$ cat protein-v1.cif   # mmCIF, C-alpha atoms and all ligand atoms; chains and numbers go by the auth columns
data_coords
loop_
_atom_site.group_PDB
_atom_site.id
_atom_site.type_symbol
_atom_site.label_atom_id
_atom_site.label_comp_id
_atom_site.label_asym_id
_atom_site.label_seq_id
_atom_site.Cartn_x
_atom_site.Cartn_y
_atom_site.Cartn_z
_atom_site.B_iso_or_equiv
_atom_site.auth_seq_id
_atom_site.auth_asym_id
ATOM 1 C CA MET A 1 -60.647 -4.176 -54.910 0.00 9 A
ATOM 2 C CA THR A 2 -62.170 -7.458 -53.938 0.00 10 A
ATOM 3 C CA ASP A 3 -65.576 -7.697 -52.455 0.00 11 A
ATOM 4 C CA GLY A 4 -65.116 -8.579 -48.786 0.00 12 A
ATOM 5 C CA PRO A 5 -67.844 -8.966 -46.217 0.00 13 A
ATOM 6 C CA ARG A 6 -69.621 -5.688 -45.686 0.00 14 A
ATOM 7 C CA THR A 7 -70.665 -4.180 -42.432 0.00 15 A
ATOM 8 C CA ALA A 8 -73.265 -1.464 -42.423 0.00 16 A
ATOM 9 C CA ALA A 9 -71.876 1.975 -41.592 0.00 17 A
ATOM 10 C CA PRO A 10 -73.163 3.062 -38.189 0.00 18 A
ATOM 11 C CA THR A 11 -75.740 5.796 -38.372 0.00 19 A
ATOM 12 C CA ILE A 12 -75.018 9.164 -36.782 0.00 20 A
ATOM 13 C CA ALA A 13 -77.748 8.466 -34.226 0.00 21 A
ATOM 14 C CA ALA A 14 -76.096 5.183 -33.252 0.00 22 A
ATOM 15 C CA VAL A 15 -72.731 6.889 -32.803 0.00 23 A
ATOM 16 C CA GLN A 16 -74.343 9.603 -30.683 0.00 24 A
ATOM 17 C CA HIS A 17 -76.041 6.964 -28.558 0.00 25 A
ATOM 18 C CA VAL A 18 -72.742 5.180 -27.907 0.00 26 A
ATOM 19 C CA ASN A 19 -71.083 8.491 -27.091 0.00 27 A
ATOM 20 C CA GLU A 20 -73.798 9.277 -24.567 0.00 28 A
ATOM 21 C CA GLN A 21 -73.393 5.893 -22.940 0.00 29 A
ATOM 22 C CA VAL A 22 -69.630 6.295 -22.689 0.00 30 A
ATOM 23 C CA GLU A 23 -70.094 9.737 -21.186 0.00 31 A
ATOM 24 C CA ALA A 24 -72.616 8.471 -18.680 0.00 32 A
ATOM 25 C CA LEU A 25 -70.314 5.633 -17.691 0.00 33 A
ATOM 26 C CA SER A 26 -67.263 7.825 -17.370 0.00 34 A
ATOM 27 C CA GLY A 27 -69.196 10.702 -15.790 0.00 35 A
ATOM 28 C CA ARG A 28 -68.260 11.596 -12.310 0.00 36 A
ATOM 29 C CA ARG A 29 -70.505 11.022 -9.309 0.00 37 A
ATOM 30 C CA ILE A 30 -70.670 14.231 -7.349 0.00 38 A
ATOM 31 C CA GLY A 31 -72.400 14.877 -4.031 0.00 39 A
ATOM 32 C CA LEU A 32 -73.652 18.325 -3.072 0.00 40 A
ATOM 33 C CA PHE A 33 -73.842 18.724 0.699 0.00 41 A
ATOM 34 C CA GLY A 34 -74.973 22.259 1.378 0.00 42 A
ATOM 35 C CA GLY A 35 -75.228 24.084 4.650 0.00 43 A
ATOM 36 C CA THR A 36 -74.536 27.150 6.707 0.00 44 A
ATOM 37 C CA PHE A 37 -71.621 25.457 8.454 0.00 45 A
ATOM 38 C CA ASP A 38 -71.568 27.942 11.326 0.00 46 A
ATOM 39 C CA PRO A 39 -69.364 26.135 12.342 0.00 47 A
ATOM 40 C CA PRO A 40 -68.664 22.865 10.418 0.00 48 A
ATOM 41 C CA HIS A 41 -68.460 19.923 12.846 0.00 49 A
ATOM 42 C CA VAL A 42 -67.807 16.203 13.014 0.00 50 A
ATOM 43 C CA GLY A 43 -71.456 15.437 12.182 0.00 51 A
ATOM 44 C CA HIS A 44 -70.923 17.041 8.767 0.00 52 A
ATOM 45 C CA LEU A 45 -67.591 15.296 8.193 0.00 53 A
ATOM 46 C CA VAL A 46 -68.720 11.836 9.293 0.00 54 A
ATOM 47 C CA THR A 47 -71.749 12.200 7.028 0.00 55 A
ATOM 48 C CA ALA A 48 -69.634 13.301 4.057 0.00 56 A
ATOM 49 C CA VAL A 49 -67.041 10.521 4.233 0.00 57 A
ATOM 50 C CA ASN A 50 -69.611 7.784 4.863 0.00 58 A
ATOM 51 C CA VAL A 51 -71.993 8.879 2.119 0.00 59 A
ATOM 52 C CA ARG A 52 -69.053 9.155 -0.255 0.00 60 A
ATOM 53 C CA HIS A 53 -68.034 5.603 0.602 0.00 61 A
ATOM 54 C CA ALA A 54 -71.534 4.092 0.539 0.00 62 A
ATOM 55 C CA LEU A 55 -72.520 5.614 -2.808 0.00 63 A
ATOM 56 C CA ARG A 56 -69.048 5.435 -4.385 0.00 64 A
ATOM 57 C CA LEU A 57 -68.982 9.147 -5.078 0.00 65 A
ATOM 58 C CA ASP A 58 -65.908 10.698 -6.620 0.00 66 A
ATOM 59 C CA GLU A 59 -66.337 13.889 -4.686 0.00 67 A
ATOM 60 C CA ILE A 60 -68.503 15.552 -2.081 0.00 68 A
ATOM 61 C CA ILE A 61 -68.745 19.314 -2.061 0.00 69 A
ATOM 62 C CA LEU A 62 -69.505 20.974 1.259 0.00 70 A
ATOM 63 C CA MET A 63 -71.201 23.981 -0.304 0.00 71 A
ATOM 64 C CA VAL A 64 -71.152 27.018 1.937 0.00 72 A
ATOM 65 C CA ALA A 65 -74.402 28.965 1.632 0.00 73 A
ATOM 66 C CA ASN A 66 -73.825 32.634 0.956 0.00 74 A
ATOM 67 C CA GLU A 67 -77.149 33.774 2.369 0.00 75 A
ATOM 68 C CA PRO A 68 -79.019 30.856 3.932 0.00 76 A
ATOM 69 C CA TRP A 69 -82.310 32.621 3.247 0.00 77 A
ATOM 70 C CA GLN A 70 -84.303 30.415 5.624 0.00 78 A
ATOM 71 C CA LYS A 71 -82.018 31.400 8.521 0.00 79 A
ATOM 72 C CA VAL A 72 -81.327 35.063 7.771 0.00 80 A
ATOM 73 C CA GLY A 73 -82.913 37.264 10.428 0.00 81 A
ATOM 74 C CA SER A 74 -83.459 34.457 12.939 0.00 82 A
ATOM 75 C CA ARG A 75 -79.989 34.775 14.453 0.00 83 A
ATOM 76 C CA PRO A 76 -76.692 36.540 13.753 0.00 84 A
ATOM 77 C CA LEU A 77 -74.726 34.618 11.119 0.00 85 A
ATOM 78 C CA SER A 78 -70.965 34.519 10.824 0.00 86 A
ATOM 79 C CA SER A 79 -69.710 36.034 7.576 0.00 87 A
ATOM 80 C CA ALA A 80 -69.660 33.803 4.527 0.00 88 A
ATOM 81 C CA ALA A 81 -65.878 34.284 4.377 0.00 89 A
ATOM 82 C CA ALA A 82 -65.459 33.031 7.956 0.00 90 A
ATOM 83 C CA ARG A 83 -67.685 30.010 7.331 0.00 91 A
ATOM 84 C CA LEU A 84 -65.829 29.184 4.110 0.00 92 A
ATOM 85 C CA ALA A 85 -62.465 29.458 5.872 0.00 93 A
ATOM 86 C CA MET A 86 -63.672 27.001 8.537 0.00 94 A
ATOM 87 C CA VAL A 87 -64.975 24.503 5.958 0.00 95 A
ATOM 88 C CA GLU A 88 -61.722 24.724 3.992 0.00 96 A
ATOM 89 C CA ALA A 89 -59.809 24.037 7.198 0.00 97 A
ATOM 90 C CA ALA A 90 -62.130 21.153 8.099 0.00 98 A
ATOM 91 C CA VAL A 91 -61.725 19.292 4.783 0.00 99 A
ATOM 92 C CA ALA A 92 -58.098 20.126 3.981 0.00 100 A
ATOM 93 C CA ASP A 93 -56.909 16.595 4.755 0.00 101 A
ATOM 94 C CA VAL A 94 -60.052 14.680 3.776 0.00 102 A
ATOM 95 C CA PRO A 95 -59.714 12.851 0.452 0.00 103 A
ATOM 96 C CA GLY A 96 -62.625 13.386 -1.927 0.00 104 A
ATOM 97 C CA VAL A 97 -64.299 16.048 0.186 0.00 105 A
ATOM 98 C CA VAL A 98 -63.895 19.682 -0.824 0.00 106 A
ATOM 99 C CA ALA A 99 -65.190 23.083 0.228 0.00 107 A
ATOM 100 C CA GLY A 100 -67.524 24.742 -2.281 0.00 108 A
ATOM 101 C CA ARG A 101 -67.442 28.490 -2.799 0.00 109 A
ATOM 102 C CA HIS A 102 -69.781 28.695 -5.796 0.00 110 A
ATOM 103 C CA GLU A 103 -72.715 30.108 -3.810 0.00 111 A
ATOM 104 C CA ILE A 104 -70.499 32.741 -2.212 0.00 112 A
ATOM 105 C CA ASP A 105 -69.002 33.748 -5.570 0.00 113 A
ATOM 106 C CA HIS A 106 -72.512 33.858 -7.036 0.00 114 A
ATOM 107 C CA GLY A 107 -73.684 36.148 -4.227 0.00 115 A
ATOM 108 C CA GLY A 108 -77.181 36.810 -2.905 0.00 116 A
ATOM 109 C CA PRO A 109 -79.487 34.171 -1.473 0.00 117 A
ATOM 110 C CA SER A 110 -78.385 30.581 -2.109 0.00 118 A
ATOM 111 C CA PHE A 111 -80.676 28.134 -3.858 0.00 119 A
ATOM 112 C CA THR A 112 -79.710 24.491 -4.340 0.00 120 A
ATOM 113 C CA ALA A 113 -81.634 24.364 -7.642 0.00 121 A
ATOM 114 C CA ASP A 114 -79.292 27.020 -9.091 0.00 122 A
ATOM 115 C CA THR A 115 -76.183 25.374 -7.677 0.00 123 A
ATOM 116 C CA LEU A 116 -77.130 22.023 -9.224 0.00 124 A
ATOM 117 C CA SER A 117 -77.575 23.682 -12.636 0.00 125 A
ATOM 118 C CA ALA A 118 -74.135 25.242 -12.337 0.00 126 A
ATOM 119 C CA LEU A 119 -72.629 21.888 -11.310 0.00 127 A
ATOM 120 C CA ALA A 120 -74.304 20.098 -14.220 0.00 128 A
ATOM 121 C CA GLN A 121 -72.837 22.656 -16.626 0.00 129 A
ATOM 122 C CA ALA A 122 -69.375 22.514 -15.112 0.00 130 A
ATOM 123 C CA HIS A 123 -69.274 18.688 -15.071 0.00 131 A
ATOM 124 C CA SER A 124 -71.084 17.457 -18.157 0.00 132 A
ATOM 125 C CA GLY A 125 -72.123 13.825 -17.860 0.00 133 A
ATOM 126 C CA ALA A 126 -71.864 13.862 -14.057 0.00 134 A
ATOM 127 C CA THR A 127 -74.440 12.169 -11.847 0.00 135 A
ATOM 128 C CA LEU A 128 -75.426 14.531 -9.041 0.00 136 A
ATOM 129 C CA PHE A 129 -76.540 13.743 -5.495 0.00 137 A
ATOM 130 C CA THR A 130 -78.034 16.197 -3.010 0.00 138 A
ATOM 131 C CA ILE A 131 -77.179 15.155 0.539 0.00 139 A
ATOM 132 C CA MET A 132 -78.997 16.288 3.660 0.00 140 A
ATOM 133 C CA GLY A 133 -79.769 15.378 7.243 0.00 141 A
ATOM 134 C CA ASP A 134 -83.301 14.252 8.004 0.00 142 A
ATOM 135 C CA ASP A 135 -84.204 17.580 9.619 0.00 143 A
ATOM 136 C CA ALA A 136 -83.469 19.278 6.305 0.00 144 A
ATOM 137 C CA ALA A 137 -85.194 16.490 4.347 0.00 145 A
ATOM 138 C CA ALA A 138 -88.386 16.951 6.385 0.00 146 A
ATOM 139 C CA ARG A 139 -88.481 20.555 5.183 0.00 147 A
ATOM 140 C CA PHE A 140 -87.483 19.782 1.608 0.00 148 A
ATOM 141 C CA GLU A 141 -90.734 21.105 0.175 0.00 149 A
ATOM 142 C CA THR A 142 -89.981 24.555 1.604 0.00 150 A
ATOM 143 C CA TRP A 143 -86.902 24.772 -0.654 0.00 151 A
ATOM 144 C CA ASP A 144 -87.082 27.057 -3.634 0.00 152 A
ATOM 145 C CA ARG A 145 -87.868 24.998 -6.797 0.00 153 A
ATOM 146 C CA TYR A 146 -87.543 21.717 -4.894 0.00 154 A
ATOM 147 C CA THR A 147 -88.997 19.746 -7.801 0.00 155 A
ATOM 148 C CA ASP A 148 -86.055 20.948 -9.926 0.00 156 A
ATOM 149 C CA VAL A 149 -83.690 19.741 -7.208 0.00 157 A
ATOM 150 C CA ALA A 150 -85.369 16.309 -7.217 0.00 158 A
ATOM 151 C CA ARG A 151 -85.198 16.117 -11.014 0.00 159 A
ATOM 152 C CA ALA A 152 -81.562 17.150 -11.261 0.00 160 A
ATOM 153 C CA SER A 153 -80.169 14.931 -8.498 0.00 161 A
ATOM 154 C CA THR A 154 -80.664 11.858 -6.368 0.00 162 A
ATOM 155 C CA LEU A 155 -81.893 12.933 -2.926 0.00 163 A
ATOM 156 C CA VAL A 156 -79.757 11.386 -0.203 0.00 164 A
ATOM 157 C CA VAL A 157 -80.825 11.520 3.426 0.00 165 A
ATOM 158 C CA VAL A 158 -79.031 10.548 6.630 0.00 166 A
ATOM 159 C CA ASP A 159 -80.635 10.263 10.058 0.00 167 A
ATOM 160 C CA ARG A 160 -79.782 12.667 12.832 0.00 168 A
ATOM 161 C CA PRO A 161 -80.348 11.747 16.463 0.00 169 A
ATOM 162 C CA GLY A 162 -83.850 12.455 17.677 0.00 170 A
ATOM 163 C CA ALA A 163 -87.327 11.447 16.723 0.00 171 A
ATOM 164 C CA PRO A 164 -87.683 10.103 13.198 0.00 172 A
ATOM 165 C CA VAL A 165 -89.121 12.680 10.844 0.00 173 A
ATOM 166 C CA HIS A 166 -91.698 12.304 8.119 0.00 174 A
ATOM 167 C CA LEU A 167 -90.335 12.378 4.591 0.00 175 A
ATOM 168 C CA SER A 168 -92.591 13.157 1.657 0.00 176 A
ATOM 169 C CA ALA A 169 -93.468 10.013 -0.269 0.00 177 A
ATOM 170 C CA ASP A 170 -93.389 12.046 -3.469 0.00 178 A
ATOM 171 C CA PHE A 171 -89.652 11.573 -3.803 0.00 179 A
ATOM 172 C CA ALA A 172 -87.329 8.572 -4.111 0.00 180 A
ATOM 173 C CA TRP A 173 -85.136 9.138 -1.069 0.00 181 A
ATOM 174 C CA GLU A 174 -81.858 7.263 -0.949 0.00 182 A
ATOM 175 C CA ARG A 175 -81.158 6.553 2.715 0.00 183 A
ATOM 176 C CA VAL A 176 -77.576 6.106 3.866 0.00 184 A
ATOM 177 C CA GLU A 177 -76.736 4.818 7.329 0.00 185 A
ATOM 178 C CA VAL A 178 -74.026 6.854 9.040 0.00 186 A
ATOM 179 C CA PRO A 179 -73.041 6.956 12.707 0.00 187 A
ATOM 180 C CA ARG A 180 -75.551 9.273 14.367 0.00 188 A
ATOM 181 C CA LEU A 181 -73.740 12.044 16.130 0.00 189 A
ATOM 182 C CA ASP A 182 -75.693 14.340 18.380 0.00 190 A
ATOM 183 C CA VAL A 183 -73.747 17.424 17.340 0.00 191 A
ATOM 184 C CA SER A 184 -75.148 20.638 15.937 0.00 192 A
ATOM 185 C CA SER A 185 -73.698 24.025 15.118 0.00 193 A
ATOM 186 C CA THR A 186 -76.305 25.525 17.448 0.00 194 A
ATOM 187 C CA ASP A 187 -74.920 23.548 20.388 0.00 195 A
ATOM 188 C CA LEU A 188 -71.348 24.454 19.419 0.00 196 A
ATOM 189 C CA ARG A 189 -72.158 28.161 19.363 0.00 197 A
ATOM 190 C CA ASP A 190 -73.771 27.799 22.810 0.00 198 A
ATOM 191 C CA ARG A 191 -70.647 26.045 24.030 0.00 199 A
ATOM 192 C CA VAL A 192 -68.383 28.907 22.981 0.00 200 A
ATOM 193 C CA ARG A 193 -70.682 31.405 24.679 0.00 201 A
ATOM 194 C CA ASP A 194 -70.753 29.358 27.890 0.00 202 A
ATOM 195 C CA GLY A 195 -67.035 28.584 27.850 0.00 203 A
ATOM 196 C CA ARG A 196 -67.588 24.834 27.495 0.00 204 A
ATOM 197 C CA PRO A 197 -65.148 22.749 25.402 0.00 205 A
ATOM 198 C CA LEU A 198 -65.580 22.084 21.684 0.00 206 A
ATOM 199 C CA ASP A 199 -62.698 19.620 21.495 0.00 207 A
ATOM 200 C CA TYR A 200 -63.376 16.544 19.327 0.00 208 A
ATOM 201 C CA LEU A 201 -66.699 18.003 18.167 0.00 209 A
ATOM 202 C CA VAL A 202 -64.881 20.136 15.598 0.00 210 A
ATOM 203 C CA THR A 203 -61.458 19.474 14.114 0.00 211 A
ATOM 204 C CA THR A 204 -58.469 21.221 15.682 0.00 212 A
ATOM 205 C CA PRO A 205 -57.905 23.597 12.712 0.00 213 A
ATOM 206 C CA VAL A 206 -61.571 24.675 12.921 0.00 214 A
ATOM 207 C CA LEU A 207 -61.264 25.236 16.676 0.00 215 A
ATOM 208 C CA THR A 208 -58.152 27.352 16.092 0.00 216 A
ATOM 209 C CA LEU A 209 -60.029 29.500 13.562 0.00 217 A
ATOM 210 C CA ILE A 210 -63.015 29.956 15.894 0.00 218 A
ATOM 211 C CA THR A 211 -60.641 31.225 18.574 0.00 219 A
ATOM 212 C CA GLN A 212 -58.584 33.400 16.216 0.00 220 A
ATOM 213 C CA MET A 213 -61.639 35.010 14.671 0.00 221 A
ATOM 214 C CA GLY A 214 -63.373 35.404 18.035 0.00 222 A
ATOM 215 C CA LEU A 215 -66.553 33.776 16.764 0.00 223 A
ATOM 216 C CA TYR A 216 -69.687 33.030 18.825 0.00 224 A
ATOM 217 C CA ARG A 217 -68.550 34.821 21.968 0.00 225 A
ATOM 218 C CA GLU A 218 -71.752 36.772 22.257 0.00 226 A
ATOM 219 C CA GLY A 219 -75.172 36.887 20.632 0.00 227 A
ATOM 220 C CA GLY A 220 -76.083 34.250 18.036 0.00 228 A
HETATM 221 P P1 LIG B . -77.583 24.657 13.012 0.00 301 B
HETATM 222 O O1 LIG B . -77.723 24.040 14.381 0.00 301 B
HETATM 223 O O2 LIG B . -77.042 26.041 13.013 0.00 301 B
HETATM 224 O O3 LIG B . -78.830 24.510 12.150 0.00 301 B
HETATM 225 P P2 LIG B . -76.425 22.279 11.830 0.00 301 B
HETATM 226 O O4 LIG B . -75.561 21.524 12.770 0.00 301 B
HETATM 227 O O5 LIG B . -77.820 21.774 11.625 0.00 301 B
HETATM 228 O O6 LIG B . -76.447 23.810 12.255 0.00 301 B
HETATM 229 P P3 LIG B . -76.269 23.040 9.096 0.00 301 B
HETATM 230 O O7 LIG B . -75.207 23.872 8.503 0.00 301 B
HETATM 231 O O8 LIG B . -77.592 23.673 9.395 0.00 301 B
HETATM 232 O O9 LIG B . -75.681 22.406 10.447 0.00 301 B
HETATM 233 O O10 LIG B . -76.521 21.727 8.280 0.00 301 B
HETATM 234 C C1 LIG B . -76.087 21.453 6.986 0.00 301 B
HETATM 235 C C2 LIG B . -76.534 20.041 6.623 0.00 301 B
HETATM 236 O O11 LIG B . -75.872 19.109 7.488 0.00 301 B
HETATM 237 C C3 LIG B . -78.035 19.784 6.808 0.00 301 B
HETATM 238 O O12 LIG B . -78.478 18.935 5.761 0.00 301 B
HETATM 239 C C4 LIG B . -78.096 19.071 8.152 0.00 301 B
HETATM 240 O O13 LIG B . -79.231 18.219 8.274 0.00 301 B
HETATM 241 C C5 LIG B . -76.815 18.258 8.102 0.00 301 B
HETATM 242 N N1 LIG B . -76.287 17.939 9.433 0.00 301 B
HETATM 243 C C6 LIG B . -75.952 18.809 10.407 0.00 301 B
HETATM 244 N N2 LIG B . -75.515 18.165 11.502 0.00 301 B
HETATM 245 C C7 LIG B . -75.576 16.850 11.217 0.00 301 B
HETATM 246 C C8 LIG B . -75.285 15.658 11.975 0.00 301 B
HETATM 247 N N3 LIG B . -74.856 15.700 13.244 0.00 301 B
HETATM 248 N N4 LIG B . -75.454 14.462 11.359 0.00 301 B
HETATM 249 C C9 LIG B . -75.922 14.413 10.083 0.00 301 B
HETATM 250 N N5 LIG B . -76.223 15.486 9.329 0.00 301 B
HETATM 251 C C10 LIG B . -76.064 16.701 9.887 0.00 301 B
HETATM 252 MG MG MG B . -79.288 23.009 10.714 0.00 302 B
#
$ encode --input "protein-v1.cif" --output "structure tokens"
Amino acid sequence: MTDGPRTAAPTIAAVQHVNEQVEALSGRRIGLFGGTFDPPHVGHLVTAVNVRHALRLDEIILMVANEPWQKVGSRPLSSAAARLAMVEAAVADVPGVVAGRHEIDHGGPSFTADTLSALAQAHSGATLFTIMGDDAAARFETWDRYTDVARASTLVVVDRPGAPVHLSADFAWERVEVPRLDVSSTDLRDRVRDGRPLDYLVTTPVLTLITQMGLYREGG
């Protein structure tokens, strides 16, 4: 053997470092957009597709809360199964936006901190984003283990119509501009009860499900 030029063998630490960088670069960018979705409407969909585009996310998960513990008791909620069926119908044809059933499968009250941990385990190397409207962002510090949520994900906020809200300066909010649509599930439920039209405020498959399942006709 002749003595050629020698290169130092990379250390194990150096190899691990490179591996981590490759993983981080190839890791997926996943947005968690949680809600009650009772029912899902165009405000949710326009937010999802525009945030996905603006932040170059691979996927946005519309995560259906099993028990939205901050809402339970304040009004009758549609079953988790009904809300999941509507979200699945709403996103069926939307590239890169999927319905999430993790919180329903997990059961009990739904906490974003737990859902983010599960997502991080399921998608190692992924960068996670937690997406919310500004009404939800204003109440962020009422969330269970909100500091864990802020550590595990980038907090993304979109404006909803109405007076601007105060956001805690303790967090690095990523603001995304989306068309502001004055649509809420509360108004949609009122519309069904009053017999007013929901057309164009929800997608046609969602409207069909609301009618088939007889949702929102009374109470709520
Ligand atoms: P409800 O009136 O029953 O509270 P909602 O329309 O606010 O329903 P949620 O399921 O409570 O819908 O909201 C889930 C998430 O979607 C929250 O982060 C909320 O801020 C956001 N969101 C709801 N409607 C809009 C909208 N029109 N534009 C942007 N974000 C929205
Ligand atoms: Mg709401």
$ closest_residue --input "protein-v1.cif" --among "A:Ala121, A:Val166, A:Leu85, A:Leu136" --to "Arg197 of chain A" --atoms "all atoms listed in the file"
A:Leu85
$ residues_near_ligand --input "protein-v1.cif" --ligand "ligand MG 302 (chain B)" --cutoff "9 Å" --atoms "only C-alpha atoms and all ligand atoms" --output "ChimeraX atom specification"
/A:43-45,141,143-144,192-194
$ write_last_selection --input "protein-v1.cif" --atoms "C-alpha atoms" --output "short mmCIF file (atom, residue, chain, number, x, y, z; two decimals), keeping the file's coordinate frame"
data_model
loop_
_atom_site.label_atom_id
_atom_site.label_comp_id
_atom_site.auth_asym_id
_atom_site.auth_seq_id
_atom_site.Cartn_x
_atom_site.Cartn_y
_atom_site.Cartn_z
CA GLY A 43 -75.23 24.08 4.65
CA THR A 44 -74.54 27.15 6.71
CA PHE A 45 -71.62 25.46 8.45
CA GLY A 141 -79.77 15.38 7.24
CA ASP A 143 -84.20 17.58 9.62
CA ALA A 144 -83.47 19.28 6.30
CA SER A 192 -75.15 20.64 15.94
CA SER A 193 -73.70 24.02 15.12
CA THR A 194 -76.31 25.52 17.45
#
$ residues_near_ligand --input "protein-v1.cif" --ligand "ligand LIG 301 (chain B)" --cutoff "9 Å" --atoms "all atoms listed in the file" --output "ChimeraX atom specification"
/A:41-56,70,72-73,79,139-145,165-169,186-197
$ residues_around --input "protein-v1.cif" --residues "Glu67 of chain A" --least-positions-apart "4" --cutoff "6 Å" --atoms "all atoms listed in the file" --output "ChimeraX atom specification"
/A:38,104-105
$ resolve_selection --input "protein-v1.cif" --expression "the PyMOL selection byres (((chain A and resi 174) around 9) and not hetatm)" --output "list of chain:residue names"
A:Asp142, A:Ala145, A:Ala146, A:Pro172, A:Val173, A:Leu175, A:Ser176, A:Ala177
$ resolve_selection --input "protein-v1.cif" --expression "the PyMOL selection byres (((chain A and resi 206-218) around 7) and not hetatm)" --output "list in words"
Pro48, His49, Val50, Met94, Ala97, Ala98, Leu196, Arg199, Arg204, Pro205, Thr219, Gln220, Met221, Gly222 and Leu223 of chain A
$ write_last_selection --input "protein-v1.cif" --atoms "C-alpha atoms" --output "PDB file, in the coordinates of the input"
ATOM      1  CA  PRO A  48     -68.664  22.865  10.418  1.00  0.00           C
ATOM      2  CA  HIS A  49     -68.460  19.923  12.846  1.00  0.00           C
ATOM      3  CA  VAL A  50     -67.807  16.203  13.014  1.00  0.00           C
ATOM      4  CA  MET A  94     -63.672  27.001   8.537  1.00  0.00           C
ATOM      5  CA  ALA A  97     -59.809  24.037   7.198  1.00  0.00           C
ATOM      6  CA  ALA A  98     -62.130  21.153   8.099  1.00  0.00           C
ATOM      7  CA  LEU A 196     -71.348  24.454  19.419  1.00  0.00           C
ATOM      8  CA  ARG A 199     -70.647  26.045  24.030  1.00  0.00           C
ATOM      9  CA  ARG A 204     -67.588  24.834  27.495  1.00  0.00           C
ATOM     10  CA  PRO A 205     -65.148  22.749  25.402  1.00  0.00           C
ATOM     11  CA  THR A 219     -60.641  31.225  18.574  1.00  0.00           C
ATOM     12  CA  GLN A 220     -58.584  33.400  16.216  1.00  0.00           C
ATOM     13  CA  MET A 221     -61.639  35.010  14.671  1.00  0.00           C
ATOM     14  CA  GLY A 222     -63.373  35.404  18.035  1.00  0.00           C
ATOM     15  CA  LEU A 223     -66.553  33.776  16.764  1.00  0.00           C
TER      16      LEU A 223
END
$ resolve_selection --input "protein-v1.cif" --expression "the PyMOL selection byres (((chain A and resi 160) around 8) and not hetatm)" --output "ChimeraX atom specification"
/A:124-125,136,156-159,161-162
$ atom_distance --input "protein-v1.cif" --atom1 "atom CA of Trp181 of chain A" --atom2 "atom CA of His61 of chain A"
17.5 Å
$ atom_distance --input "protein-v1.cif" --atom1 "atom CA of Ser82 of chain A" --atom2 "atom CA of Phe179 of chain A"
29.0 Å
$ axis_aligned_box --input "protein-v1.cif" --around "segment 42-49 of chain A" --padding-each-side "6 Å" --output "lines of an AutoDock Vina configuration file"
center_x = -71.8
center_y = 23.9
center_z = 7.1
size_x = 18.8
size_y = 20.0
size_z = 23.5
$ closest_residue --input "protein-v1.cif" --among "A:His131, A:Phe119, A:Gly203, A:Glu185" --to "Trp77 of chain A" --atoms "all atoms listed in the file"
A:Phe119
$ residues_around --input "protein-v1.cif" --residues "Val106 of chain A" --least-positions-apart "6" --cutoff "9 Å" --atoms "only C-alpha atoms" --output "number ranges by chain"
A: 67-71, 95-96, 99-100
$ write_last_selection --input "protein-v1.cif" --atoms "C-alpha atoms" --output "PDB file, keeping the file's coordinate frame"
ATOM      1  CA  GLU A  67     -66.337  13.889  -4.686  1.00  0.00           C
ATOM      2  CA  ILE A  68     -68.503  15.552  -2.081  1.00  0.00           C
ATOM      3  CA  ILE A  69     -68.745  19.314  -2.061  1.00  0.00           C
ATOM      4  CA  LEU A  70     -69.505  20.974   1.259  1.00  0.00           C
ATOM      5  CA  MET A  71     -71.201  23.981  -0.304  1.00  0.00           C
ATOM      6  CA  VAL A  95     -64.975  24.503   5.958  1.00  0.00           C
ATOM      7  CA  GLU A  96     -61.722  24.724   3.992  1.00  0.00           C
ATOM      8  CA  VAL A  99     -61.725  19.292   4.783  1.00  0.00           C
ATOM      9  CA  ALA A 100     -58.098  20.126   3.981  1.00  0.00           C
TER      10      ALA A 100
END
$ atom_distance --input "protein-v1.cif" --atom1 "atom CA of Leu92 of chain A" --atom2 "atom CA of Gly39 of chain A"
17.7 Å
